[in-house]
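For reference, start-v2.pdb (PDB, C-alpha atoms):
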MODEL        1
ATOM      1  CA  MET N   1      91.935 145.823 128.795
ATOM      2  CA  ASN N   2      90.450 149.219 129.598
ATOM      3  CA  GLU N   3      87.661 150.001 127.099
ATOM      4  CA  PHE N   4      89.125 153.412 126.321
ATOM      5  CA  LEU N   5      92.416 151.855 125.281
ATOM      6  CA  PHE N   6      90.624 149.255 123.168
ATOM      7  CA  PHE N   7      88.573 152.006 121.521
ATOM      8  CA  ALA N   8      91.741 153.982 120.728
ATOM      9  CA  MET N   9      93.405 150.886 119.276
ATOM     10  CA  MET N  10      90.437 150.024 117.031
ATOM     11  CA  PHE N  11      89.991 153.636 115.947
ATOM     12  CA  SER N  12      93.649 153.755 114.893
ATOM     13  CA  PHE N  13      93.268 150.431 113.050
ATOM     14  CA  ILE N  14      90.242 151.658 111.084
ATOM     15  CA  ILE N  15      91.759 155.020 110.121
ATOM     16  CA  THR N  16      95.050 153.441 109.037
ATOM     17  CA  PHE N  17      93.312 150.638 107.153
ATOM     18  CA  ILE N  18      91.234 153.151 105.188
ATOM     19  CA  THR N  19      94.104 155.570 104.574
ATOM     20  CA  VAL N  20      96.903 153.247 103.402
ATOM     21  CA  PRO N  21      95.404 152.522  99.925
ATOM     22  CA  TYR N  22      95.315 156.272  99.270
ATOM     23  CA  ALA N  23      98.948 156.538 100.420
ATOM     24  CA  ILE N  24      99.913 153.700  98.061
ATOM     25  CA  LYS N  25      98.524 155.630  95.094
ATOM     26  CA  LYS N  26     100.080 158.956  96.108
ATOM     27  CA  LEU N  27     103.519 157.515  96.882
ATOM     28  CA  SER N  28     103.541 155.542  93.623
ATOM     29  CA  TYR N  29     102.489 158.595  91.624
ATOM     30  CA  SER N  30     105.217 160.741  93.221
ATOM     31  CA  GLY N  31     107.907 158.143  92.481
ATOM     32  CA  LYS N  32     108.717 157.286  96.101
ATOM     33  CA  THR N  33     109.285 153.605  95.373
ATOM     34  CA  VAL N  34     111.931 150.925  95.890
ATOM     35  CA  THR N  35     112.542 147.616  94.129
ATOM     36  CA  ASP N  36     111.173 144.416  95.652
ATOM     37  CA  ILE N  37     114.041 142.088  94.766
ATOM     38  CA  TYR N  38     112.281 138.946  96.018
ATOM     39  CA  LYS N  39     109.547 139.089  93.368
ATOM     40  CA  ARG N  40     109.643 138.064  89.744
ATOM     41  CA  GLY N  41     110.137 141.095  87.569
ATOM     42  CA  ASN N  42     111.410 143.154  90.523
ATOM     43  CA  PRO N  43     108.348 145.394  90.837
ATOM     44  CA  GLU N  44     108.605 148.924  92.219
ATOM     45  CA  ILE N  45     106.795 149.211  95.576
ATOM     46  CA  PRO N  46     105.922 152.528  97.272
ATOM     47  CA  THR N  47     107.910 153.123 100.458
ATOM     48  CA  ASN N  48     107.837 155.337 103.559
ATOM     49  CA  GLY N  49     104.232 154.230 104.020
ATOM     50  CA  ALA N  50     104.545 154.101 107.811
ATOM     51  CA  ILE N  51     104.144 157.867 107.771
ATOM     52  CA  VAL N  52     100.424 156.997 107.677
ATOM     53  CA  VAL N  53     100.740 155.144 111.005
ATOM     54  CA  PHE N  54     102.710 157.978 112.581
ATOM     55  CA  PHE N  55     100.296 160.645 111.328
ATOM     56  CA  THR N  56      97.320 158.596 112.548
ATOM     57  CA  VAL N  57      98.863 158.438 116.021
ATOM     58  CA  ILE N  58      99.405 162.211 116.050
ATOM     59  CA  VAL N  59      95.869 162.962 114.815
ATOM     60  CA  ILE N  60      94.175 160.654 117.325
ATOM     61  CA  CYS N  61      96.258 162.002 120.217
ATOM     62  CA  ALA N  62      95.502 165.585 119.150
ATOM     63  CA  SER N  63      91.766 164.867 119.025
ATOM     64  CA  TRP N  64      91.749 162.575 122.062
ATOM     65  CA  PRO N  65      90.362 165.162 124.523
ATOM     66  CA  LEU N  66      87.244 165.427 122.325
ATOM     67  CA  LEU N  67      86.992 161.707 121.557
ATOM     68  CA  ASN N  68      87.524 160.856 125.194
ATOM     69  CA  ARG N  69      84.671 163.068 126.358
ATOM     70  CA  ILE N  70      82.290 161.780 123.684
ATOM     71  CA  PHE N  71      83.093 158.191 124.665
ATOM     72  CA  ASN N  72      82.801 159.092 128.343
ATOM     73  CA  ARG N  73      79.366 160.689 127.982
ATOM     74  CA  THR N  74      77.883 157.961 125.784
ATOM     75  CA  LEU N  75      79.386 154.655 126.943
ATOM     76  CA  ALA N  76      81.416 154.977 130.130
ATOM     77  CA  PRO N  77      80.336 157.762 132.482
ATOM     78  CA  ASN N  78      82.813 158.995 135.077
ATOM     79  CA  GLU N  79      85.797 157.365 133.381
ATOM     80  CA  LEU N  80      88.459 159.363 131.574
ATOM     81  CA  ILE N  81      91.936 158.704 130.229
ATOM     82  CA  LEU N  82      93.662 162.036 129.785
ATOM     83  CA  LEU N  83      96.936 162.783 128.052
ATOM     84  CA  ASP N  84      99.468 163.804 130.699
ATOM     85  CA  SER N  85     103.080 164.972 130.640
ATOM     86  CA  ILE N  86     104.352 161.396 130.288
ATOM     87  CA  ASP N  87     102.175 160.784 127.218
ATOM     88  CA  MET N  88     103.386 164.056 125.701
ATOM     89  CA  THR N  89     106.990 163.037 126.344
ATOM     90  CA  ILE N  90     106.355 159.701 124.626
ATOM     91  CA  LEU N  91     104.935 161.563 121.625
ATOM     92  CA  LEU N  92     107.941 163.888 121.553
ATOM     93  CA  VAL N  93     110.426 161.003 121.578
ATOM     94  CA  ILE N  94     108.693 158.995 118.840
ATOM     95  CA  SER N  95     108.306 162.193 116.793
ATOM     96  CA  LEU N  96     112.056 162.783 116.993
ATOM     97  CA  PHE N  97     112.729 159.228 115.825
ATOM     98  CA  ALA N  98     110.157 159.554 113.030
ATOM     99  CA  ILE N  99     111.730 162.789 111.767
ATOM    100  CA  PHE N 100     115.161 161.164 111.977
ATOM    101  CA  GLY N 101     113.817 158.268 109.895
ATOM    102  CA  ILE N 102     112.628 160.683 107.204
ATOM    103  CA  ILE N 103     116.011 162.434 107.197
ATOM    104  CA  ASP N 104     117.767 159.065 106.945
ATOM    105  CA  ASP N 105     115.644 158.094 103.926
ATOM    106  CA  LEU N 106     116.482 161.393 102.253
ATOM    107  CA  LEU N 107     120.200 161.641 103.094
ATOM    108  CA  ASP N 108     121.203 158.006 103.744
ATOM    109  CA  LEU N 109     122.998 158.793 107.000
ATOM    110  CA  SER N 110     126.077 156.890 108.145
ATOM    111  CA  TRP N 111     125.914 154.113 110.735
ATOM    112  CA  SER N 112     127.721 156.319 113.266
ATOM    113  CA  SER N 113     124.993 158.949 112.897
ATOM    114  CA  LYS N 114     122.300 156.319 113.338
ATOM    115  CA  LEU N 115     123.960 155.095 116.513
ATOM    116  CA  PHE N 116     124.842 158.323 118.306
ATOM    117  CA  ILE N 117     122.339 161.007 117.257
ATOM    118  CA  PRO N 118     119.332 158.995 118.568
ATOM    119  CA  LEU N 119     120.967 158.937 121.997
ATOM    120  CA  LEU N 120     119.907 162.571 122.322
ATOM    121  CA  PHE N 121     116.268 161.760 121.610
ATOM    122  CA  SER N 122     115.815 159.992 124.944
ATOM    123  CA  PHE N 123     116.850 162.965 127.067
ATOM    124  CA  PRO N 124     113.239 164.231 127.490
ATOM    125  CA  VAL N 125     112.578 160.984 129.387
ATOM    126  CA  PHE N 126     114.894 162.209 132.176
ATOM    127  CA  THR N 127     112.293 164.779 133.240
ATOM    128  CA  ILE N 128     109.517 162.223 133.805
ATOM    129  CA  TYR N 129     111.280 159.021 134.824
ATOM    130  CA  ASN N 130     113.280 158.594 138.009
ATOM    131  CA  PRO N 131     113.992 154.905 138.694
ATOM    132  CA  VAL N 132     114.798 154.184 142.320
ATOM    133  CA  VAL N 133     114.446 150.398 142.416
ATOM    134  CA  ILE N 134     115.139 147.958 139.601
ATOM    135  CA  SER N 135     114.156 144.294 139.668
ATOM    136  CA  ILE N 136     117.002 141.996 138.625
ATOM    137  CA  PRO N 137     116.046 138.393 137.797
ATOM    138  CA  LEU N 138     117.355 135.860 140.352
ATOM    139  CA  PHE N 139     118.685 138.695 142.553
ATOM    140  CA  GLY N 140     115.523 140.593 143.450
ATOM    141  CA  ASP N 141     115.085 144.352 143.810
ATOM    142  CA  TYR N 142     118.140 146.600 143.764
ATOM    143  CA  ASP N 143     117.994 150.017 145.446
ATOM    144  CA  MET N 144     119.579 152.707 143.234
ATOM    145  CA  SER N 145     118.983 155.642 145.577
ATOM    146  CA  SER N 146     122.360 155.477 147.327
ATOM    147  CA  GLN N 147     124.658 158.408 146.540
ATOM    148  CA  PHE N 148     128.364 158.818 145.940
ATOM    149  CA  ALA N 149     130.485 161.504 147.573
ATOM    150  CA  SER N 150     129.938 163.738 144.563
ATOM    151  CA  GLY N 151     126.193 163.741 145.200
ATOM    152  CA  LEU N 152     125.418 161.591 142.181
ATOM    153  CA  SER N 153     123.229 158.594 142.863
ATOM    154  CA  ILE N 154     123.286 155.225 141.124
ATOM    155  CA  SER N 155     119.884 156.196 139.733
ATOM    156  CA  ASP N 156     121.417 159.288 138.083
ATOM    157  CA  ILE N 157     124.120 157.196 136.413
ATOM    158  CA  PHE N 158     121.501 154.643 135.351
ATOM    159  CA  LYS N 159     119.420 157.399 133.767
ATOM    160  CA  LEU N 160     122.414 158.880 132.002
ATOM    161  CA  LEU N 161     123.920 155.678 130.632
ATOM    162  CA  VAL N 162     121.332 152.902 130.453
ATOM    163  CA  ILE N 163     118.122 154.691 129.442
ATOM    164  CA  PRO N 164     119.486 156.554 126.375
ATOM    165  CA  THR N 165     121.299 153.419 125.224
ATOM    166  CA  TYR N 166     118.204 151.245 125.682
ATOM    167  CA  ILE N 167     115.895 153.605 123.799
ATOM    168  CA  MET N 168     118.477 154.061 121.023
ATOM    169  CA  VAL N 169     119.301 150.363 120.634
ATOM    170  CA  VAL N 170     115.748 149.032 120.303
ATOM    171  CA  PRO N 171     114.824 151.039 117.159
ATOM    172  CA  ASN N 172     118.137 150.043 115.562
ATOM    173  CA  LEU N 173     117.489 146.375 116.347
ATOM    174  CA  ILE N 174     114.016 146.665 114.826
ATOM    175  CA  ASN N 175     115.471 148.408 111.780
ATOM    176  CA  MET N 176     118.140 145.744 111.173
ATOM    177  CA  HIS N 177     115.876 142.705 111.595
ATOM    178  CA  SER N 178     113.859 143.360 108.450
ATOM    179  CA  GLY N 179     114.051 142.895 104.684
ATOM    180  CA  PHE N 180     111.154 140.584 103.786
ATOM    181  CA  ASN N 181     107.528 141.519 103.141
ATOM    182  CA  GLY N 182     105.751 142.027 106.462
ATOM    183  CA  LEU N 183     108.731 140.954 108.559
ATOM    184  CA  GLN N 184     109.426 144.122 110.505
ATOM    185  CA  THR N 185     105.805 145.205 110.944
ATOM    186  CA  GLY N 186     104.712 141.701 111.911
ATOM    187  CA  LEU N 187     107.474 141.242 114.478
ATOM    188  CA  SER N 188     106.868 144.737 115.884
ATOM    189  CA  SER N 189     103.148 143.992 116.232
ATOM    190  CA  ILE N 190     103.956 140.810 118.166
ATOM    191  CA  LEU N 191     106.419 142.628 120.432
ATOM    192  CA  LEU N 192     104.178 145.617 121.166
ATOM    193  CA  ALA N 193     101.139 143.402 121.744
ATOM    194  CA  THR N 194     103.208 141.318 124.180
ATOM    195  CA  ILE N 195     104.263 144.423 126.123
ATOM    196  CA  ILE N 196     100.638 145.586 126.369
ATOM    197  CA  ILE N 197      99.565 142.096 127.509
ATOM    198  CA  LYS N 198     102.337 142.189 130.135
ATOM    199  CA  CYS N 199     101.032 145.546 131.399
ATOM    200  CA  THR N 200      97.503 144.120 131.506
ATOM    201  CA  LEU N 201      98.652 141.089 133.506
ATOM    202  CA  ASP N 202     100.473 143.427 135.901
ATOM    203  CA  ASP N 203      97.365 145.637 136.081
ATOM    204  CA  VAL N 204      99.406 148.646 134.921
ATOM    205  CA  TYR N 205      97.393 150.778 132.495
ATOM    206  CA  ASP N 206      99.061 154.160 132.986
ATOM    207  CA  ASN N 207     100.362 155.814 129.810
ATOM    208  CA  LEU N 208      99.391 152.928 127.517
ATOM    209  CA  LEU N 209      97.297 155.147 125.260
ATOM    210  CA  VAL N 210     100.026 155.959 122.718
ATOM    211  CA  PRO N 211     101.333 152.342 122.534
ATOM    212  CA  CYS N 212      97.763 151.072 121.978
ATOM    213  CA  ILE N 213      97.132 153.619 119.224
ATOM    214  CA  PHE N 214     100.419 152.623 117.624
ATOM    215  CA  LEU N 215      99.561 148.921 117.791
ATOM    216  CA  GLY N 216      96.241 149.436 116.016
ATOM    217  CA  GLY N 217      97.966 151.367 113.241
ATOM    218  CA  ILE N 218     100.822 148.864 112.846
ATOM    219  CA  VAL N 219      98.474 145.884 112.540
ATOM    220  CA  ALA N 220      96.399 147.697 109.904
ATOM    221  CA  PHE N 221      99.548 148.656 108.004
ATOM    222  CA  TRP N 222     100.847 145.074 108.244
ATOM    223  CA  TYR N 223      97.835 143.914 106.209
ATOM    224  CA  TYR N 224      99.152 145.873 103.211
ATOM    225  CA  ASN N 225     102.816 145.229 104.023
ATOM    226  CA  LYS N 226     102.583 141.424 104.297
ATOM    227  CA  TYR N 227     103.374 139.159 101.344
ATOM    228  CA  PRO N 228     102.915 140.206  98.583
ATOM    229  CA  ALA N 229     103.540 143.735  99.871
ATOM    230  CA  SER N 230     101.696 146.674  98.343
ATOM    231  CA  ILE N 231     103.709 149.171 100.391
ATOM    232  CA  PHE N 232     106.888 149.298 102.493
ATOM    233  CA  GLU N 233     107.280 151.101 105.817
ATOM    234  CA  GLY N 234     110.628 152.846 105.252
ATOM    235  CA  ASN N 235     112.964 154.022 108.008
ATOM    236  CA  ILE N 236     110.263 156.245 109.481
ATOM    237  CA  GLY N 237     108.424 153.027 110.282
ATOM    238  CA  SER N 238     111.243 151.024 111.806
ATOM    239  CA  LEU N 239     112.554 153.925 113.909
ATOM    240  CA  SER N 240     109.226 155.302 115.162
ATOM    241  CA  ILE N 241     107.831 151.825 115.879
ATOM    242  CA  GLY N 242     111.094 150.771 117.519
ATOM    243  CA  SER N 243     111.083 153.899 119.669
ATOM    244  CA  ILE N 244     107.572 153.255 121.003
ATOM    245  CA  ILE N 245     108.627 149.720 121.936
ATOM    246  CA  GLY N 246     111.819 150.984 123.595
ATOM    247  CA  ILE N 247     110.303 153.848 125.554
ATOM    248  CA  THR N 248     107.358 151.732 126.763
ATOM    249  CA  LEU N 249     109.754 149.090 128.092
ATOM    250  CA  VAL N 250     111.760 151.810 129.866
ATOM    251  CA  LEU N 251     108.814 153.625 131.434
ATOM    252  CA  LYS N 252     107.375 150.327 132.708
ATOM    253  CA  SER N 253     110.841 149.283 133.988
ATOM    254  CA  TYR N 254     110.620 146.106 131.885
ATOM    255  CA  PHE N 255     114.340 146.188 131.082
ATOM    256  CA  PHE N 256     115.115 142.485 131.420
ATOM    257  CA  PHE N 257     111.742 141.415 130.066
ATOM    258  CA  GLY N 258     112.478 143.580 127.018
ATOM    259  CA  VAL N 259     115.898 142.017 126.514
ATOM    260  CA  PHE N 260     114.341 138.548 126.631
ATOM    261  CA  ILE N 261     111.572 139.143 124.087
ATOM    262  CA  LEU N 262     114.049 140.962 121.839
ATOM    263  CA  LEU N 263     116.573 138.102 121.901
ATOM    264  CA  PRO N 264     115.954 137.125 118.240
ATOM    265  CA  HIS N 265     116.668 140.749 117.266
ATOM    266  CA  ILE N 266     119.761 140.784 119.490
ATOM    267  CA  ILE N 267     121.017 137.537 117.935
ATOM    268  CA  ASP N 268     120.518 139.105 114.511
ATOM    269  CA  PHE N 269     122.765 142.001 115.586
ATOM    270  CA  LEU N 270     125.376 139.636 117.059
ATOM    271  CA  MET N 271     125.489 137.820 113.727
ATOM    272  CA  LEU N 272     126.406 141.115 112.085
ATOM    273  CA  LEU N 273     129.148 141.681 114.663
ATOM    274  CA  TYR N 274     130.477 138.200 113.912
ATOM    275  CA  LEU N 275     130.812 139.113 110.234
ATOM    276  CA  LYS N 276     132.632 142.316 111.173
ATOM    277  CA  PHE N 277     134.946 140.464 113.566
ATOM    278  CA  LYS N 278     135.806 137.877 110.904
ATOM    279  CA  ASN N 279     136.266 140.592 108.265
ATOM    280  CA  LEU N 280     133.653 138.867 106.123
ATOM    281  CA  PRO N 281     131.528 140.855 103.669
ATOM    282  CA  PHE N 282     127.984 141.723 104.734
ATOM    283  CA  ILE N 283     125.608 140.781 101.922
ATOM    284  CA  LYS N 284     122.287 142.491 102.550
ATOM    285  CA  PHE N 285     120.122 140.763  99.957
ATOM    286  CA  GLY N 286     119.512 137.315  98.526
ATOM    287  CA  ARG N 287     117.341 136.379  95.560
ATOM    288  CA  ILE N 288     114.692 133.887  94.463
ATOM    289  CA  ASP N 289     115.029 131.054  91.969
ATOM    290  CA  GLU N 290     112.623 130.051  89.190
ATOM    291  CA  ASP N 291     110.335 128.312  91.703
ATOM    292  CA  GLY N 292     110.162 131.294  94.056
ATOM    293  CA  ILE N 293     112.487 129.653  96.602
ATOM    294  CA  LEU N 294     114.825 131.970  98.483
ATOM    295  CA  VAL N 295     118.510 131.749  97.618
ATOM    296  CA  VAL N 296     120.469 133.403 100.440
ATOM    297  CA  PRO N 297     124.222 134.125 100.640
ATOM    298  CA  ASN N 298     124.915 132.736 104.120
ATOM    299  CA  PRO N 299     123.186 131.781 107.395
ATOM    300  CA  VAL N 300     124.690 134.710 109.327
ATOM    301  CA  LYS N 301     121.487 136.767 109.486
ATOM    302  CA  MET N 302     118.263 135.764 111.187
ATOM    303  CA  LYS N 303     116.215 136.219 108.022
ATOM    304  CA  PHE N 304     118.711 134.045 106.105
ATOM    305  CA  LEU N 305     119.143 131.358 108.772
ATOM    306  CA  PHE N 306     116.219 129.059 107.979
ATOM    307  CA  PRO N 307     116.206 129.572 104.171
ATOM    308  CA  TYR N 308     119.916 128.676 104.094
ATOM    309  CA  TYR N 309     119.267 125.171 105.463
ATOM    310  CA  TYR N 310     115.714 124.563 104.230
ATOM    311  CA  LYS N 311     113.906 125.332 100.995
ATOM    312  CA  MET N 312     111.589 128.207 101.827
ATOM    313  CA  THR N 313     109.605 130.872 100.087
ATOM    314  CA  GLU N 314     109.752 134.426 101.389
ATOM    315  CA  GLN N 315     106.375 134.005 103.048
ATOM    316  CA  GLN N 316     107.455 130.792 104.806
ATOM    317  CA  ALA N 317     110.655 132.431 106.042
ATOM    318  CA  VAL N 318     108.706 135.354 107.483
ATOM    319  CA  PHE N 319     106.242 133.114 109.328
ATOM    320  CA  SER N 320     109.096 131.047 110.764
ATOM    321  CA  LEU N 321     110.557 134.269 112.228
ATOM    322  CA  TYR N 322     107.125 135.252 113.566
ATOM    323  CA  PHE N 323     107.052 131.876 115.308
ATOM    324  CA  VAL N 324     110.498 132.335 116.877
ATOM    325  CA  THR N 325     109.664 135.789 118.263
ATOM    326  CA  THR N 326     106.274 134.559 119.508
ATOM    327  CA  LEU N 327     108.029 131.765 121.433
ATOM    328  CA  PHE N 328     110.283 134.298 123.174
ATOM    329  CA  CYS N 329     107.339 136.601 123.875
ATOM    330  CA  VAL N 330     105.296 133.799 125.450
ATOM    331  CA  GLY N 331     108.369 132.676 127.367
ATOM    332  CA  GLY N 332     108.905 136.233 128.588
ATOM    333  CA  LEU N 333     105.333 136.480 129.867
ATOM    334  CA  ILE N 334     105.783 133.184 131.726
ATOM    335  CA  LEU N 335     109.249 133.868 133.180
ATOM    336  CA  PHE N 336     108.808 137.502 134.081
TER
ENDMDL
END
Before we go any further, please render this structure as structure tokens.
Amino acid sequence: MNEFLFFAMMFSFIITFITVPYAIKKLSYSGKTVTDIYKRGNPEIPTNGAIVVFFTVIVICASWPLLNRIFNRTLAPNELILLDSIDMTILLVISLFAIFGIIDDLLDLSWSSKLFIPLLFSFPVFTIYNPVVISIPLFGDYDMSSQFASGLSISDIFKLLVIPTYIMVVPNLINMHSGFNGLQTGLSSILLATIIIKCTLDDVYDNLLVPCIFLGGIVAFWYYNKYPASIFEGNIGSLSIGSIIGITLVLKSYFFFGVFILLPHIIDFLMLLYLKFKNLPFIKFGRIDEDGILVVPNPVKMKFLFPYYYKMTEQQAVFSLYFVTTLFCVGGLILF
């Protein structure tokens, strides 16, 4: 990996790691807490903590021109990674999702709002991304430059229909596949690290600065979010982290690779659709028994699947889901 990107990642990790304990105290003091139902006594845990990760990303990107030049002059002469229009577009998109996450936490928006409003957030990508060729597994490259009589090209339709849907769907998948301590942040760290590894293997380092900064912050936050969690991420976390995963996959044209590594998240969503189709009630939470073993309502949710058939603690269930996603990520790197 480029040393500048590694430096940015570690800098983000350190700042987030130092800052989160302060956020825990402030959020607890201000009453921004939710109940952890999988712990004895149902303790109140501060939430919306991922605002620390988002703010760290913004601060580092804002100060990057200075940091970059200091690093360049002291350790790596004649090498620079500058923020360009693509990086600024990435920041704009994740900022829109982060703000939407805050609004959702405050107003508890409907599912229709969560599905359709984020479609608008991807429109800035149209100005910087113009796909002409897309690689389809087993079929090879497909040329999208051909035009219809109206003057519209297949690429235009692809940009209008596929890209907004892709960038909107990924954050929602990330948001839904959560609920245990460290589950969402751990899975997101695995996914984002896999995408960065894929870019490294493909020798594609352009516009990886923001994803690398995000990864450093997420991993540091995960340390406090893992079992037993001291802080929760809130919707600002799931939506901003999901958006950086989605937009990175789009800008690198890793559409099918992204679908493959996100298959556990997609299966989780399909399980929800199954419940809706069967007119069965969706039960969001389970509980723990006297021994700390999870008691879940049904197996029709990825986080409930293993605990339904096997006796598991929350921590064991989370690590089993880490393992499943890691298998798909490794498989994706091998197949694609």
Item to check | Closest of N:Phe269, N:Leu5, N:Thr47, N:Asn42 to Ile231 of chain N - atom-to-atom distances counting all atoms listed in the file | outcome: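 The shortest atom-to-atom distance to Ile231 of chain N comes from N:Thr47.
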Checklist entry - Using all atoms listed in the file, which of the listed residues (N:Leu262, N:Val57, N:Tyr310, N:Val162) sits closest to Ser240 of chain N? => result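 Of N:Leu262, N:Val57, N:Tyr310, N:Val162, the one nearest Ser240 of chain N, counting all atoms listed in the file, is N:Val57.
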Checklist entry - Do you know which residues are at most 9 Å from Asp156 of chain N counting all atoms listed in the file, after dropping those on the same chain fewer than 2 positions away, and could you put them as a list in words? => result Asn130, Pro131, Met144, Ser145, Leu152, Ser153, Ile154, Phe158, Lys159, Leu160 and Leu161 of chain N
Next on the checklist: What's the separation between atom CA of Val318 of chain N and atom CA of Leu249 of chain N, in Å to one decimal place?
Outcome noted: 24.8 Å
Please, which residues in segment 167-228 of chain N fall within 9 Å of segment 18-23 of chain N when counting all atoms listed in the file, and what is the closest atom pair and distance in Å to one decimal for each, ordered by chain then residue number, as a tab-separated table?
residue	atom	partner	partner_atom	distance
N:Ala220	CA	N:Val20	CA	8.6
N:Phe221	CA	N:Val20	CA	7.0
N:Tyr224	CA	N:Val20	CA	7.7
With C-alpha atoms retained, export the selected residues as a PDB file, in the frame of the given file.
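So the final result, stored in out.pdb, reads:
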ATOM      1  CA  ALA N 220      96.399 147.697 109.904  1.00  0.00           C
ATOM      2  CA  PHE N 221      99.548 148.656 108.004  1.00  0.00           C
ATOM      3  CA  TYR N 224      99.152 145.873 103.211  1.00  0.00           C
TER       4      TYR N 224
END
Checklist entry - From the list N:Ile37, N:Asn207, N:Val132, N:Phe256, which residue is nearest Leu82 of chain N when using all atoms listed in the file? => result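 Nearest candidate to Leu82 of chain N out of N:Ile37, N:Asn207, N:Val132, N:Phe256: N:Asn207.
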Next on the checklist: Just checking: using only C-alpha atoms, which residue out of N:Gly41, N:Pro171, N:Pro164, N:Gly237 ends up closest to Phe55 of chain N?
Outcome noted: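 Nearest to Phe55 of chain N: N:Gly237.
Across N:Tyr223, N:Phe71, N:Phe6, N:Phe123, the tightest approach to Met168 of chain N is made by N:Phe123 when counting all atoms listed in the file.
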Next on the checklist: I'd like the interatomic distance between atom CA of Tyr38 of chain N and atom CA of Val324 of chain N, to a tenth of an Å.
Outcome noted: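 Straight-line distance from atom CA of Tyr38 of chain N to atom CA of Val324 of chain N works out to 22.0 Å.
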Checklist entry - Quick one: distance from atom CA of Arg287 of chain N to atom CA of Gly234 of chain N in Å, one decimal? => result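 Computed distance, atom CA of Arg287 of chain N to atom CA of Gly234 of chain N, equals 20.3 Å.
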The centre and edge lengths of an axis-aligned box containing all atoms of segment 278-282 of chain N present in the file, extended by 8 Å on each side, are to be given in Å to one decimal, as AutoDock Vina command-line options.
--center_x 132.1 --center_y 139.8 --center_z 107.3 --size_x 24.3 --size_y 19.8 --size_z 23.2
Next on the checklist: From the options N:Asp143, N:Asp84, N:Asp36, N:Asp202, which residue's atoms come nearest to Pro65 of chain N, counting all atoms listed in the file?
Outcome noted: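 Of the candidates, the smallest distance to Pro65 of chain N is held by N:Asp84.
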Would you mind listing what lies within 12 Å of Ile267 of chain N as an mmCIF file with C-alpha atoms, in the frame of the given file, with all atoms listed in the file counted and same-chain residues fewer than 6 positions away left out?
data_model
loop_
_atom_site.group_PDB
_atom_site.id
_atom_site.type_symbol
_atom_site.label_atom_id
_atom_site.label_comp_id
_atom_site.auth_asym_id
_atom_site.auth_seq_id
_atom_site.Cartn_x
_atom_site.Cartn_y
_atom_site.Cartn_z
ATOM 1 C CA LEU N 173 117.489 146.375 116.347
ATOM 2 C CA ILE N 174 114.016 146.665 114.826
ATOM 3 C CA MET N 176 118.140 145.744 111.173
ATOM 4 C CA HIS N 177 115.876 142.705 111.595
ATOM 5 C CA VAL N 259 115.898 142.017 126.514
ATOM 6 C CA PHE N 260 114.341 138.548 126.631
ATOM 7 C CA ILE N 261 111.572 139.143 124.087
ATOM 8 C CA LEU N 273 129.148 141.681 114.663
ATOM 9 C CA TYR N 274 130.477 138.200 113.912
ATOM 10 C CA VAL N 300 124.690 134.710 109.327
ATOM 11 C CA LYS N 301 121.487 136.767 109.486
ATOM 12 C CA MET N 302 118.263 135.764 111.187
ATOM 13 C CA LYS N 303 116.215 136.219 108.022
ATOM 14 C CA LEU N 305 119.143 131.358 108.772
ATOM 15 C CA VAL N 324 110.498 132.335 116.877
ATOM 16 C CA THR N 325 109.664 135.789 118.263
#
Would you write out, as CSV, a table of all residues in segment 26-56 of chain N that have an atom no more than 12 Å from an atom of segment 88-112 of chain N, listing for each the closest atom pair and the distance in Å to one decimal, considering all atoms listed in the file and ordering rows by chain and rising residue number?
residue,atom,partner,partner_atom,distance
N:Lys32,CA,N:Asp105,CA,10.5
N:Thr33,CA,N:Asp105,CA,11.6
N:Val34,CA,N:Asp105,CA,11.4
N:Thr47,CA,N:Asp105,CA,9.8
N:Asn48,CA,N:Ile102,CA,8.1
N:Gly49,CA,N:Ile102,CA,11.1
N:Ala50,CA,N:Ala98,CA,9.4
N:Ile51,CA,N:Ala98,CA,8.2
N:Val52,CA,N:Ala98,CA,11.4
N:Val53,CA,N:Ala98,CA,10.6
N:Phe54,CA,N:Ala98,CA,7.6
N:Phe55,CA,N:Ser95,CA,9.8
Next on the checklist: Assuming the chain letters and numbering stay as they are in my file, what does the PyMOL selection byres ((chain N and resi 295) around 12) actually select? List them as a ChimeraX atom specification.
Outcome noted: /N:37-38,285-294,296-299,303-314,317
